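The file input-v5.cif contains mmCIF, C-alpha atoms:
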data_data
#
loop_
_atom_site.label_atom_id
_atom_site.label_comp_id
_atom_site.auth_asym_id
_atom_site.auth_seq_id
_atom_site.Cartn_x
_atom_site.Cartn_y
_atom_site.Cartn_z
CA MET H 1007 21.40 192.67 25.78
CA ALA H 1008 18.44 193.02 28.10
CA ASP H 1009 16.92 189.74 29.23
CA GLU H 1010 13.34 189.19 28.24
CA VAL H 1011 11.50 187.03 30.76
CA VAL H 1012 7.82 186.14 30.44
CA LEU H 1013 5.85 183.84 32.75
CA LEU H 1014 2.66 182.16 31.53
CA ASP H 1015 0.75 181.67 34.75
CA PHE H 1016 -2.63 181.12 36.40
CA TRP H 1017 -3.08 182.95 39.68
CA PRO H 1018 -4.29 180.10 41.97
CA SER H 1019 -1.83 177.52 40.58
CA MET H 1020 0.59 176.30 43.22
CA PHE H 1021 2.90 175.34 40.35
CA GLY H 1022 2.89 178.84 38.89
CA MET H 1023 3.52 180.19 42.39
CA ARG H 1024 6.74 178.17 42.64
CA VAL H 1025 8.17 180.03 39.66
CA ARG H 1026 6.99 183.40 41.03
CA VAL H 1027 8.86 182.67 44.27
CA ALA H 1028 12.05 181.64 42.44
CA LEU H 1029 12.00 184.73 40.22
CA ALA H 1030 11.42 186.95 43.26
CA GLU H 1031 14.24 185.26 45.21
CA LYS H 1032 16.59 186.16 42.38
CA GLY H 1033 15.19 189.65 41.87
CA ILE H 1034 14.39 188.97 38.20
CA LYS H 1035 12.13 191.38 36.36
CA TYR H 1036 9.54 189.64 34.25
CA GLU H 1037 6.23 190.04 32.48
CA SER H 1038 3.41 187.91 33.83
CA LYS H 1039 0.75 186.70 31.42
CA GLU H 1040 -2.34 185.24 32.97
CA ASP H 1041 -3.70 182.26 31.09
CA ASP H 1042 -7.31 181.16 31.19
CA LEU H 1043 -7.21 177.40 31.63
CA TRP H 1044 -10.61 176.90 30.05
CA ASN H 1045 -9.61 178.93 27.01
CA LYS H 1046 -5.88 178.42 26.57
CA SER H 1047 -3.95 181.11 24.72
CA ASP H 1048 -2.27 180.46 21.38
CA LEU H 1049 0.97 181.43 23.07
CA LEU H 1050 0.61 178.70 25.70
CA LEU H 1051 -0.25 176.08 23.09
CA LYS H 1052 2.76 177.14 21.03
CA MET H 1053 5.18 177.28 23.98
CA ASN H 1054 4.02 174.05 25.64
CA PRO H 1055 2.55 171.88 22.88
CA VAL H 1056 3.25 168.67 24.76
CA HIS H 1057 1.39 169.36 28.02
CA LYS H 1058 -0.48 172.60 27.19
CA LYS H 1059 -0.06 173.65 30.83
CA ILE H 1060 1.23 176.55 32.85
CA PRO H 1061 3.66 177.53 34.19
CA VAL H 1062 5.88 178.21 31.20
CA LEU H 1063 8.89 180.48 31.50
CA ILE H 1064 9.81 182.14 28.22
CA HIS H 1065 13.40 183.39 28.38
CA ASN H 1066 14.47 185.42 25.36
CA GLY H 1067 11.81 183.64 23.33
CA LYS H 1068 12.72 180.11 24.44
CA PRO H 1069 10.21 178.18 26.58
CA VAL H 1070 11.01 176.16 29.71
CA CYS H 1071 8.20 173.96 31.05
CA GLU H 1072 7.46 172.02 34.27
CA SER H 1073 7.65 174.09 37.47
CA LEU H 1074 10.58 172.37 39.23
CA ILE H 1075 12.57 172.23 35.99
CA ILE H 1076 11.93 175.97 35.60
CA VAL H 1077 13.07 176.64 39.19
CA GLN H 1078 16.32 174.74 38.57
CA TYR H 1079 16.80 176.59 35.28
CA ILE H 1080 16.36 179.92 37.05
CA ASP H 1081 18.89 178.85 39.67
CA GLU H 1082 21.45 177.85 37.03
CA VAL H 1083 21.08 180.92 34.81
CA TRP H 1084 20.88 183.58 37.53
CA ASN H 1085 23.59 182.01 39.63
CA ASP H 1086 25.07 185.19 41.05
CA LYS H 1087 22.75 185.43 44.07
CA SER H 1088 20.39 183.49 46.36
CA PRO H 1089 21.28 179.91 45.43
CA LEU H 1090 18.18 177.72 45.57
CA LEU H 1091 20.15 174.48 45.67
CA PRO H 1092 23.20 173.55 47.75
CA SER H 1093 26.56 173.24 46.01
CA ASP H 1094 27.43 169.77 47.32
CA PRO H 1095 26.19 166.97 44.98
CA TYR H 1096 24.89 164.79 47.82
CA HIS H 1097 22.87 167.60 49.37
CA ARG H 1098 21.61 168.57 45.92
CA ALA H 1099 20.44 164.99 45.35
CA HIS H 1100 18.75 165.02 48.75
CA ALA H 1101 16.90 168.24 47.83
CA LYS H 1102 15.85 166.86 44.44
CA PHE H 1103 14.60 163.67 46.09
CA TRP H 1104 12.33 165.59 48.46
CA ALA H 1105 11.15 168.04 45.79
CA ASP H 1106 10.25 164.98 43.70
CA PHE H 1107 8.46 163.48 46.74
CA VAL H 1108 6.32 166.62 47.04
CA ASP H 1109 5.56 166.46 43.31
CA GLN H 1110 4.66 162.77 43.37
CA LYS H 1111 2.63 162.70 46.53
CA VAL H 1112 0.92 165.94 47.57
CA TYR H 1113 -1.23 167.12 44.65
CA GLY H 1114 -3.35 163.98 44.16
CA PRO H 1115 -4.78 163.71 47.68
CA ALA H 1116 -4.86 167.51 48.07
CA ARG H 1117 -7.11 167.89 45.06
CA LYS H 1118 -9.48 165.18 46.27
CA LEU H 1119 -10.05 167.08 49.49
CA TRP H 1120 -12.13 169.71 47.67
CA ALA H 1121 -12.95 168.27 44.25
CA ILE H 1122 -14.99 165.29 45.38
CA ASN H 1123 -17.20 164.20 48.26
CA GLY H 1124 -17.65 160.94 50.13
CA GLU H 1125 -15.45 157.93 50.89
CA GLU H 1126 -12.71 158.82 48.44
CA GLN H 1127 -12.40 162.22 50.09
CA GLU H 1128 -11.98 160.57 53.49
CA ALA H 1129 -9.23 158.33 52.14
CA ALA H 1130 -7.57 161.36 50.56
CA LYS H 1131 -7.60 163.16 53.91
CA LYS H 1132 -5.81 160.24 55.53
CA ASP H 1133 -3.21 160.19 52.72
CA PHE H 1134 -2.76 163.96 52.79
CA LEU H 1135 -2.05 164.03 56.52
CA GLU H 1136 0.26 161.02 56.35
CA ILE H 1137 2.29 162.70 53.60
CA TYR H 1138 2.54 165.95 55.51
CA LYS H 1139 3.60 164.08 58.65
CA THR H 1140 6.37 162.42 56.63
CA LEU H 1141 7.44 165.86 55.43
CA GLU H 1142 7.27 167.16 58.99
CA ARG H 1143 9.65 164.37 60.10
CA GLU H 1144 12.02 165.28 57.28
CA LEU H 1145 11.92 168.94 58.30
CA GLY H 1146 12.69 168.06 61.91
CA ASP H 1147 14.03 171.04 63.81
CA LYS H 1148 15.55 172.75 60.80
CA PRO H 1149 14.32 176.24 59.94
CA TYR H 1150 13.92 175.21 56.28
CA PHE H 1151 13.97 171.89 54.42
CA GLY H 1152 17.29 173.07 52.99
CA GLY H 1153 18.69 173.64 56.50
CA GLU H 1154 19.65 177.22 57.26
CA LYS H 1155 18.77 178.37 53.78
CA PHE H 1156 15.43 178.53 51.98
CA GLY H 1157 15.66 176.41 48.85
CA LEU H 1158 14.15 174.07 46.27
CA VAL H 1159 12.16 171.84 48.62
CA ASP H 1160 10.75 174.84 50.51
CA ILE H 1161 9.70 176.37 47.18
CA ALA H 1162 8.15 173.09 46.01
CA LEU H 1163 6.03 172.76 49.15
CA ILE H 1164 5.23 176.27 50.44
CA THR H 1165 2.91 177.09 47.56
CA PHE H 1166 0.39 174.51 48.79
CA TYR H 1167 0.11 176.65 51.95
CA SER H 1168 -2.04 179.14 50.07
CA TRP H 1169 -4.56 176.30 49.63
CA PHE H 1170 -4.59 175.28 53.31
CA TYR H 1171 -7.84 177.07 54.14
CA VAL H 1172 -9.48 175.13 51.28
CA TYR H 1173 -8.04 171.80 52.49
CA GLU H 1174 -8.91 172.43 56.14
CA THR H 1175 -12.43 173.60 55.40
CA PHE H 1176 -13.45 170.78 53.06
CA GLY H 1177 -11.32 168.13 54.76
CA LYS H 1178 -12.51 169.22 58.18
CA PHE H 1179 -9.20 169.25 59.99
CA ASN H 1180 -6.78 171.77 61.40
CA MET H 1181 -3.20 171.77 60.10
CA GLU H 1182 -1.83 173.55 63.18
CA THR H 1183 -3.10 170.66 65.31
CA GLU H 1184 -2.04 167.93 62.91
CA CYS H 1185 1.34 169.28 61.76
CA PRO H 1186 2.45 172.15 64.00
CA LYS H 1187 6.04 172.17 62.69
CA ILE H 1188 4.80 172.50 59.12
CA ILE H 1189 2.70 175.52 60.11
CA ALA H 1190 5.64 177.08 61.94
CA TRP H 1191 7.83 176.47 58.88
CA ALA H 1192 5.15 177.90 56.56
CA LYS H 1193 4.83 181.07 58.64
CA ARG H 1194 8.61 181.42 58.59
CA CYS H 1195 8.59 181.16 54.79
CA MET H 1196 5.76 183.69 54.56
CA GLN H 1197 8.03 186.19 56.35
CA LYS H 1198 10.12 186.25 53.21
CA GLU H 1199 9.01 188.91 50.76
CA SER H 1200 9.54 186.59 47.79
CA VAL H 1201 7.01 184.15 49.23
CA ALA H 1202 4.50 186.63 50.67
CA LYS H 1203 4.12 188.49 47.40
CA SER H 1204 3.88 185.31 45.30
CA LEU H 1205 1.13 183.49 47.18
CA PRO H 1206 -2.48 184.70 46.92
CA ASP H 1207 -4.51 185.10 50.07
CA GLN H 1208 -5.96 181.81 51.36
CA LYS H 1209 -9.49 183.24 51.43
CA LYS H 1210 -9.26 184.34 47.79
CA ILE H 1211 -8.29 180.80 46.77
CA TYR H 1212 -11.18 179.45 48.85
CA GLU H 1213 -13.65 181.71 47.05
CA SER H 1214 -12.44 180.56 43.63
CA VAL H 1215 -12.78 176.93 44.77
CA LEU H 1216 -16.37 177.56 45.89
CA ASP H 1217 -17.11 178.63 42.33
CA LEU H 1218 -15.39 175.54 40.95
CA ARG H 1219 -17.35 173.27 43.27
CA LYS H 1220 -20.62 174.88 42.14
CA ILE H 1221 -19.67 174.18 38.53
CA ARG H 1222 -18.93 170.57 39.47
CA GLY H 1223 -22.29 170.29 41.25
CA LEU H 1224 -20.74 169.77 44.64
CA GLU H 1225 -22.44 172.70 46.39
CA MET U 751 40.24 156.95 51.00
CA ALA U 752 38.85 154.04 49.01
CA GLU U 753 35.57 154.89 47.39
CA GLU U 754 32.63 152.56 47.95
CA VAL U 755 29.75 152.55 45.50
CA LEU U 756 26.86 150.15 45.98
CA LEU U 757 23.86 149.77 43.73
CA PHE U 758 20.68 148.01 44.79
CA GLY U 759 18.75 146.86 41.75
CA VAL U 760 16.72 144.18 40.05
CA TRP U 761 18.08 142.39 36.96
CA GLY U 762 15.09 143.16 34.74
CA SER U 763 14.32 146.67 35.96
CA PRO U 764 14.83 149.49 33.46
CA PHE U 765 15.22 151.84 36.41
CA SER U 766 18.23 150.13 37.99
CA ARG U 767 19.73 149.26 34.58
CA ARG U 768 19.73 152.95 33.66
CA VAL U 769 21.85 153.68 36.72
CA GLU U 770 24.26 150.91 35.69
CA MET U 771 24.50 152.40 32.20
CA ALA U 772 25.42 155.76 33.69
CA LEU U 773 28.01 154.29 36.04
CA LYS U 774 29.58 152.29 33.21
CA LEU U 775 29.67 155.29 30.85
CA LYS U 776 31.46 157.21 33.58
CA GLY U 777 33.81 154.33 34.29
CA VAL U 778 32.78 154.09 37.94
CA GLU U 779 33.48 150.83 39.80
CA TYR U 780 30.55 149.63 41.85
CA LYS U 781 29.22 146.64 43.72
CA TYR U 782 25.82 145.42 42.56
CA MET U 783 23.29 144.01 45.03
CA GLU U 784 20.39 142.10 43.47
CA GLU U 785 17.14 142.66 45.37
CA ASP U 786 14.19 140.34 45.65
CA ILE U 787 11.30 142.77 45.69
CA THR U 788 8.98 140.17 47.16
CA ASN U 789 11.35 139.96 50.10
CA LYS U 790 13.13 143.30 50.46
CA SER U 791 16.45 143.29 52.23
CA PRO U 792 16.90 145.16 55.53
CA ALA U 793 19.61 147.16 53.77
CA LEU U 794 17.20 148.41 51.09
CA LEU U 795 14.60 149.36 53.69
CA LYS U 796 17.27 151.19 55.65
CA TYR U 797 18.60 153.07 52.61
CA ASN U 798 15.22 153.93 51.11
CA PRO U 799 12.72 154.01 53.96
CA ILE U 800 10.43 156.47 52.15
CA HIS U 801 9.70 154.57 48.94
CA LYS U 802 11.28 151.16 49.75
CA LYS U 803 12.18 150.79 46.08
CA ILE U 804 15.13 150.12 43.84
CA PRO U 805 17.33 151.56 42.50
CA VAL U 806 19.28 152.97 45.41
CA LEU U 807 22.86 154.12 44.99
CA VAL U 808 24.94 154.17 48.15
CA HIS U 809 28.10 156.26 47.84
CA ASN U 810 30.48 155.98 50.79
CA GLY U 811 27.58 154.98 52.99
CA LYS U 812 25.23 157.75 51.85
CA PRO U 813 22.09 156.67 49.98
CA ILE U 814 20.47 158.31 46.98
CA ALA U 815 17.09 157.13 45.66
CA GLU U 816 14.92 157.82 42.58
CA SER U 817 16.61 156.91 39.31
CA GLN U 818 16.65 160.36 37.71
CA VAL U 819 17.97 161.94 40.91
CA ILE U 820 20.68 159.26 40.94
CA LEU U 821 21.59 159.93 37.29
CA GLU U 822 22.10 163.63 37.98
CA TYR U 823 24.12 162.82 41.10
CA ILE U 824 26.37 160.51 39.09
CA ASP U 825 26.86 163.21 36.46
CA GLU U 826 27.81 165.82 39.07
CA THR U 827 30.04 163.59 41.17
CA TRP U 828 32.20 161.85 38.59
CA GLN U 829 33.90 163.83 35.83
CA GLY U 830 34.69 162.66 32.34
CA TYR U 831 31.74 161.56 30.22
CA SER U 832 28.84 164.06 30.38
CA LEU U 833 25.30 162.78 30.80
CA LEU U 834 23.68 166.22 30.79
CA PRO U 835 24.62 169.20 28.62
CA LYS U 836 26.46 172.11 30.23
CA ASP U 837 24.15 174.82 28.89
CA PRO U 838 21.26 175.55 31.32
CA TYR U 839 18.64 175.72 28.56
CA GLN U 840 19.73 172.40 27.05
CA ARG U 841 19.73 170.90 30.55
CA ALA U 842 16.15 172.09 31.09
CA VAL U 843 15.14 170.54 27.76
CA ALA U 844 16.82 167.23 28.69
CA ARG U 845 15.13 167.18 32.09
CA PHE U 846 11.78 167.90 30.41
CA TRP U 847 12.05 164.88 28.09
CA ALA U 848 13.34 162.57 30.80
CA LYS U 849 10.36 163.52 32.97
CA PHE U 850 7.99 163.18 30.01
CA ILE U 851 9.12 159.61 29.39
CA ASP U 852 8.79 158.50 33.00
CA ASP U 853 5.68 160.47 33.97
CA LYS U 854 3.63 160.13 30.79
CA CYS U 855 4.76 157.33 28.49
CA LEU U 856 5.24 154.35 30.72
CA GLN U 857 1.70 153.84 31.93
CA PRO U 858 -0.05 153.90 28.53
CA VAL U 859 2.70 151.73 27.01
CA PHE U 860 2.27 149.18 29.76
CA LYS U 861 -1.52 149.32 29.60
CA ALA U 862 -1.48 148.90 25.81
CA CYS U 863 0.48 145.66 26.17
CA TRP U 864 -0.77 144.24 29.42
CA GLY U 865 -3.97 146.03 30.37
CA GLU U 866 -7.51 144.72 30.29
CA GLU U 867 -8.72 143.99 26.72
CA LYS U 868 -11.19 146.85 26.84
CA ASP U 869 -8.49 149.40 27.79
CA ARG U 870 -5.77 148.32 25.42
CA GLU U 871 -6.84 150.07 22.22
CA LYS U 872 -7.28 153.43 23.91
CA ALA U 873 -3.96 153.04 25.71
CA ALA U 874 -2.26 152.17 22.41
CA GLU U 875 -3.66 155.34 20.83
CA GLU U 876 -2.44 157.39 23.76
CA ALA U 877 0.99 155.73 23.66
CA THR U 878 1.24 156.41 19.92
CA GLU U 879 0.49 160.12 20.41
CA LEU U 880 3.15 160.33 23.10
CA LEU U 881 5.77 158.45 21.09
CA LYS U 882 5.14 160.92 18.25
CA PHE U 883 6.43 163.72 20.48
CA LEU U 884 9.65 161.76 21.01
CA GLU U 885 9.96 161.05 17.28
CA GLU U 886 9.69 164.79 16.63
CA GLU U 887 12.14 165.70 19.36
CA LEU U 888 14.79 163.40 17.91
CA LYS U 889 14.82 165.41 14.65
CA GLU U 890 18.05 164.65 12.76
CA LYS U 891 20.07 163.86 15.88
CA ARG U 892 21.83 160.57 16.31
CA PHE U 893 20.82 160.43 19.95
CA PHE U 894 18.59 162.59 22.16
CA GLY U 895 21.87 163.79 23.66
CA GLY U 896 23.20 164.82 20.24
CA GLU U 897 26.27 163.03 18.97
CA SER U 898 26.63 160.93 22.09
CA ILE U 899 24.34 159.10 24.49
CA GLY U 900 23.01 161.32 27.26
CA MET U 901 20.59 161.19 30.16
CA VAL U 902 17.48 161.27 27.98
CA ASP U 903 18.74 158.32 25.91
CA ILE U 904 19.46 156.38 29.08
CA VAL U 905 15.98 157.10 30.47
CA ALA U 906 14.52 156.28 27.05
CA SER U 907 16.22 152.86 27.12
CA ILE U 908 12.85 151.70 28.35
CA ILE U 909 11.57 152.47 24.85
CA ALA U 910 14.68 151.28 23.01
CA PHE U 911 14.73 147.89 24.68
CA TRP U 912 11.96 147.14 27.18
CA LEU U 913 9.19 148.18 24.78
CA GLY U 914 10.45 145.63 22.25
CA VAL U 915 10.38 143.01 24.97
CA PHE U 916 6.79 143.94 25.90
CA GLU U 917 5.80 143.81 22.25
CA GLU U 918 7.26 140.36 21.70
CA ALA U 919 5.87 139.01 24.97
CA SER U 920 2.37 140.46 24.51
CA GLY U 921 1.94 140.44 20.74
CA VAL U 922 1.07 144.13 20.72
CA LYS U 923 2.97 146.30 18.23
CA LEU U 924 3.51 149.98 19.03
CA LEU U 925 6.93 151.04 17.74
CA THR U 926 6.71 150.40 13.99
CA THR U 927 9.21 151.72 11.43
CA GLU U 928 6.33 153.09 9.36
CA LYS U 929 5.09 155.32 12.18
CA PHE U 930 8.39 155.96 13.94
CA PRO U 931 11.33 155.71 11.53
CA LYS U 932 13.62 157.99 13.57
CA LEU U 933 12.78 156.43 16.90
CA CYS U 934 13.36 152.92 15.52
CA ASN U 935 16.68 153.99 14.04
CA TRP U 936 17.68 155.60 17.33
CA ALA U 937 16.63 152.48 19.28
CA HIS U 938 18.80 150.31 17.07
CA GLU U 939 21.82 152.62 17.41
CA PHE U 940 21.33 152.87 21.16
CA VAL U 941 21.14 149.14 21.89
CA SER U 942 24.09 148.52 19.56
CA ASN U 943 26.36 150.77 21.60
CA GLY U 944 29.06 148.71 23.35
CA VAL U 945 28.53 149.93 26.89
CA ILE U 946 24.75 149.84 26.61
CA LYS U 947 24.66 146.37 25.06
CA GLU U 948 26.65 144.96 27.97
CA ASN U 949 24.22 146.44 30.46
CA LEU U 950 20.93 145.22 29.05
CA PRO U 951 19.25 142.23 30.70
CA PRO U 952 19.11 138.98 28.71
CA ARG U 953 16.25 139.48 26.26
CA ASP U 954 14.82 135.95 26.25
CA LYS U 955 14.84 135.76 30.02
CA LEU U 956 13.03 139.10 30.18
CA ILE U 957 10.42 138.08 27.58
CA ALA U 958 9.73 134.89 29.52
CA TYR U 959 9.46 136.86 32.75
CA PHE U 960 6.90 139.29 31.35
CA ARG U 961 4.91 136.60 29.60
CA ASN U 962 4.78 134.70 32.84
CA ARG U 963 3.94 137.60 35.10
CA PHE U 964 1.48 139.57 32.99
CA GLY U 965 0.68 137.42 29.99
CA GLY U 966 -2.32 135.47 31.32
CA ALA U 967 -4.81 137.62 29.40
CA ASN U 968 -2.83 137.27 26.19
CA ALA U 969 -2.69 133.50 26.22
CA SER U 970 -4.75 133.27 23.05
CA LYS U 971 -2.36 135.47 21.00
#
The structure in this file should be written as structure tokens.
Amino acid sequence: MADEVVLLDFWPSMFGMRVRVALAEKGIKYESKEDDLWNKSDLLLKMNPVHKKIPVLIHNGKPVCESLIIVQYIDEVWNDKSPLLPSDPYHRAHAKFWADFVDQKVYGPARKLWAINGEEQEAAKKDFLEIYKTLERELGDKPYFGGEKFGLVDIALITFYSWFYVYETFGKFNMETECPKIIAWAKRCMQKESVAKSLPDQKKIYESVLDLRKIRGLE
Amino acid sequence: MAEEVLLFGVWGSPFSRRVEMALKLKGVEYKYMEEDITNKSPALLKYNPIHKKIPVLVHNGKPIAESQVILEYIDETWQGYSLLPKDPYQRAVARFWAKFIDDKCLQPVFKACWGEEKDREKAAEEATELLKFLEEELKEKRFFGGESIGMVDIVASIIAFWLGVFEEASGVKLLTTEKFPKLCNWAHEFVSNGVIKENLPPRDKLIAYFRNRFGGANASK
């Protein structure tokens, strides 16, 4: 029976991008459905009634929600190639810990860099850089967070890279100066086809944010 | 080689108790280290330098932090009793609900019981909406895990037991049998389970602790 895979997505979402990367890593064919977050589709509301958010993976009619849960689901179902998690339980736990760290810590301050002005934005910049420096220490001299292999933590974090021009411009800092190893790691990830084709161009994201800021009265 | 399992926890914490429940269900021997979070031990800071929080499981010298990460590690490392289903879709569903409880439910529940007066009603409404999702998810199952207690039930112990403690200590009522007949039934079954019962903190001590720590605003109730 042919697998039917549908992804409910929103092009600038770093969470949707994570699923795109995972699907591409595994070579899975799927239908992408773009959702309009200001006018959510009936399908989205039916498939994710609890959170009403993308991404949602619909596999043979059954929905899976929450980006990192989807990535793990993809890894477990399509387990014949490109493992996204190590096989050893301790290393798996280590990966899940850091993926959870990214989820808990990055988005909040990142959003404040462009969505607000003033003191709170300054505080967010400090937090953002501190968090990335912690991640940089964890990365160390490894090519990927997973070691030799690209995996869950890399997927969790790399998608924020497409927003770096936004963060740098509004936060007024330069990531290459602040976190050179993170930039080197990001460029290494972008060499992978699965990543390069899943992340929109940084300038395109920036333009969409300019529109958002106008709507919020920040421009 | 002798196996060494250490658990750093706090007696009243639902997060370290859930790890203990998992270890006990699996029949794993472990040494428990009670932490004073106002005066964290050098060992805790060494094993969890990032968050500096309990619980931390240390298995043969290697630390694992974050309760849900620990639960999955326990399930994968020790055979026998299964905390998560084997089917990938069912696993994804279980992970979804476990995350829902921790990410979404805890804050409004806490705020409804212990928040500022002006915030409590709104928080209670929010908590009620969220608990409804859990009531619906339970359907006709005995436990969230099906016939036996699973990871979601263990994570939801915060609702089965701690919520009742909050309610008694604060005077706020959220989990009523009228609104949540299935959830109340489940809670009763869950806390009555032998292994679980043995691993819950003493109720009166916990009520007193919460009243003492957060109950100032509720003194008139």
Provide an axis-aligned box for all listed atoms of stretch 1200-1215 of chain H, padding each side by 5 Å; report its centre and its edge lengths in Å to one decimal, as lines of an AutoDock Vina configuration file.
center_x = -2.1
center_y = 182.7
center_z = 47.5
size_x = 33.2
size_y = 21.6
size_z = 17.8
Among the residues H:Ile1189, H:Val1112, H:Met1196, H:Ile1064, the one that comes closest to chain U [using only C-alpha atoms]
H:Ile1064
Please report as a PyMOL selection string which residues of chain H come no farther than 7 Å from chain U, using only C-alpha atoms.
chain H and resi 1070+1075+1079+1082-1083+1095+1099+1102-1103
Chain and number of each residue from the PyMOL selection byres ((chain U and resi 910) around 8), as a PyMOL selection string
chain U and resi 906-909+911-914+934+936-938+940-941
Output for the residues just chosen: C-alpha atoms as a short mmCIF file (atom, residue, chain, number, x, y, z; two decimals), keeping the file's coordinate frame:
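Once written, again.cif looks like this:
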data_model
loop_
_atom_site.label_atom_id
_atom_site.label_comp_id
_atom_site.auth_asym_id
_atom_site.auth_seq_id
_atom_site.Cartn_x
_atom_site.Cartn_y
_atom_site.Cartn_z
CA ALA U 906 14.52 156.28 27.05
CA SER U 907 16.22 152.86 27.12
CA ILE U 908 12.85 151.70 28.35
CA ILE U 909 11.57 152.47 24.85
CA PHE U 911 14.73 147.89 24.68
CA TRP U 912 11.96 147.14 27.18
CA LEU U 913 9.19 148.18 24.78
CA GLY U 914 10.45 145.63 22.25
CA CYS U 934 13.36 152.92 15.52
CA TRP U 936 17.68 155.60 17.33
CA ALA U 937 16.63 152.48 19.28
CA HIS U 938 18.80 150.31 17.07
CA PHE U 940 21.33 152.87 21.16
CA VAL U 941 21.14 149.14 21.89
#
Pull out every residue that the PyMOL selection byres ((chain H and resi 1022-1036) around 8) matches in the shown coordinates and put them as number ranges by chain.
H: 1010-1013, 1015-1021, 1037-1038, 1060-1061, 1073-1074, 1076-1077, 1080-1081, 1084, 1087-1088, 1090, 1161-1162, 1165, 1200-1201, 1204-1205
Gap from atom CA of H:Gln1127 to atom CA of H:Gly1177 - Å, one decimal:
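Result for atom CA of H:Gln1127 versus atom CA of H:Gly1177: 7.6 Å, one decimal.
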Could you tell me how far atom CA of U:Phe893 lies from atom CA of H:Ala1105, in Å and to one decimal?
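Distance between the two atoms: 28.6 Å.
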Between H:Asp1048, H:Glu1225, H:Glu1174, H:Glu1144, which one has atoms that come closest to H:Asp1160, using only C-alpha atoms?
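Answer, going by the shortest atom-to-atom distance: H:Glu1144.
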Interatomic distance between atom CA of U:Lys955 and atom CA of U:Phe916?
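These two atoms are separated by 12.2 Å.
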Nearest to H:Lys1132, chosen from H:Asp1109, H:Glu1184, H:Asp1147, H:Glu1072, with all atoms listed in the file counted in the distances:
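Smallest distance to H:Lys1132 is found for H:Glu1184.
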Have a look at U:Gly921, U:Ile957, U:Asp852, U:Pro951 and name the one nearest to U:Gly759; count only C-alpha atoms.
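Between U:Gly921, U:Ile957, U:Asp852, U:Pro951, the residue approaching U:Gly759 most closely is U:Pro951.
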Compare U:Lys889, U:Lys882, U:Arg961, U:Lys932 by their minimum atom-to-atom distance to H:Val1056, counting all atoms listed in the file, and give me the closest one.
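Among U:Lys889, U:Lys882, U:Arg961, U:Lys932, it is U:Lys882 that comes nearest to H:Val1056.
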Could you expand the PyMOL selection byres ((chain U and resi 785) around 6) into the explicit residues it covers here, written as a PyMOL selection string?
chain U and resi 759-760+784+786-787
Could you give me, as a list of chain:residue names, the residues within 9 Å of H:Glu1128, counting only C-alpha atoms and dropping anything in the same chain fewer than 3 positions from it?
H:Lys1118, H:Leu1119, H:Asn1123, H:Gly1124, H:Glu1125, H:Lys1131, H:Lys1132, H:Asp1133, H:Gly1177
Which residues are close to U:Glu885, i.e. within 8 Å by only C-alpha atoms, leaving aside same-chain residues fewer than 6 positions away? Reply as a PyMOL selection string.
chain U and resi 930-933
Excluding H:Phe1134 and its own-chain neighbours fewer than 3 positions away, which residues fall within 7 Å of it when counting all atoms listed in the file? Please give them as a list of chain:residue names.
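What passes the distance filter is H:Val1112, H:Pro1115, H:Ala1116, H:Ala1130, H:Lys1131, H:Ile1137, H:Tyr1138.
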Might you pull out every residue within 8 Å of H:Gly1157, with only C-alpha atoms counted and same-chain residues fewer than 6 positions away left off, and present them as a ChimeraX atom specification?
/H:1089-1091,1150-1151
Within 12 Å of file point (4.3, 145.0, 18.5), counting only C-alpha atoms, expressed as a PyMOL selection string:
chain U and resi 859+862-863+874+878+912-927+971
For U:Glu753: contacts at 12 Å, only C-alpha atoms, fewer than 5 positions along chain excluded, given as a list in words:
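Non-adjacent residues within range: Val778, Glu779, Tyr780, Lys781, Val808, His809, Asn810, Gly811, Lys812 and Trp828 of chain U.
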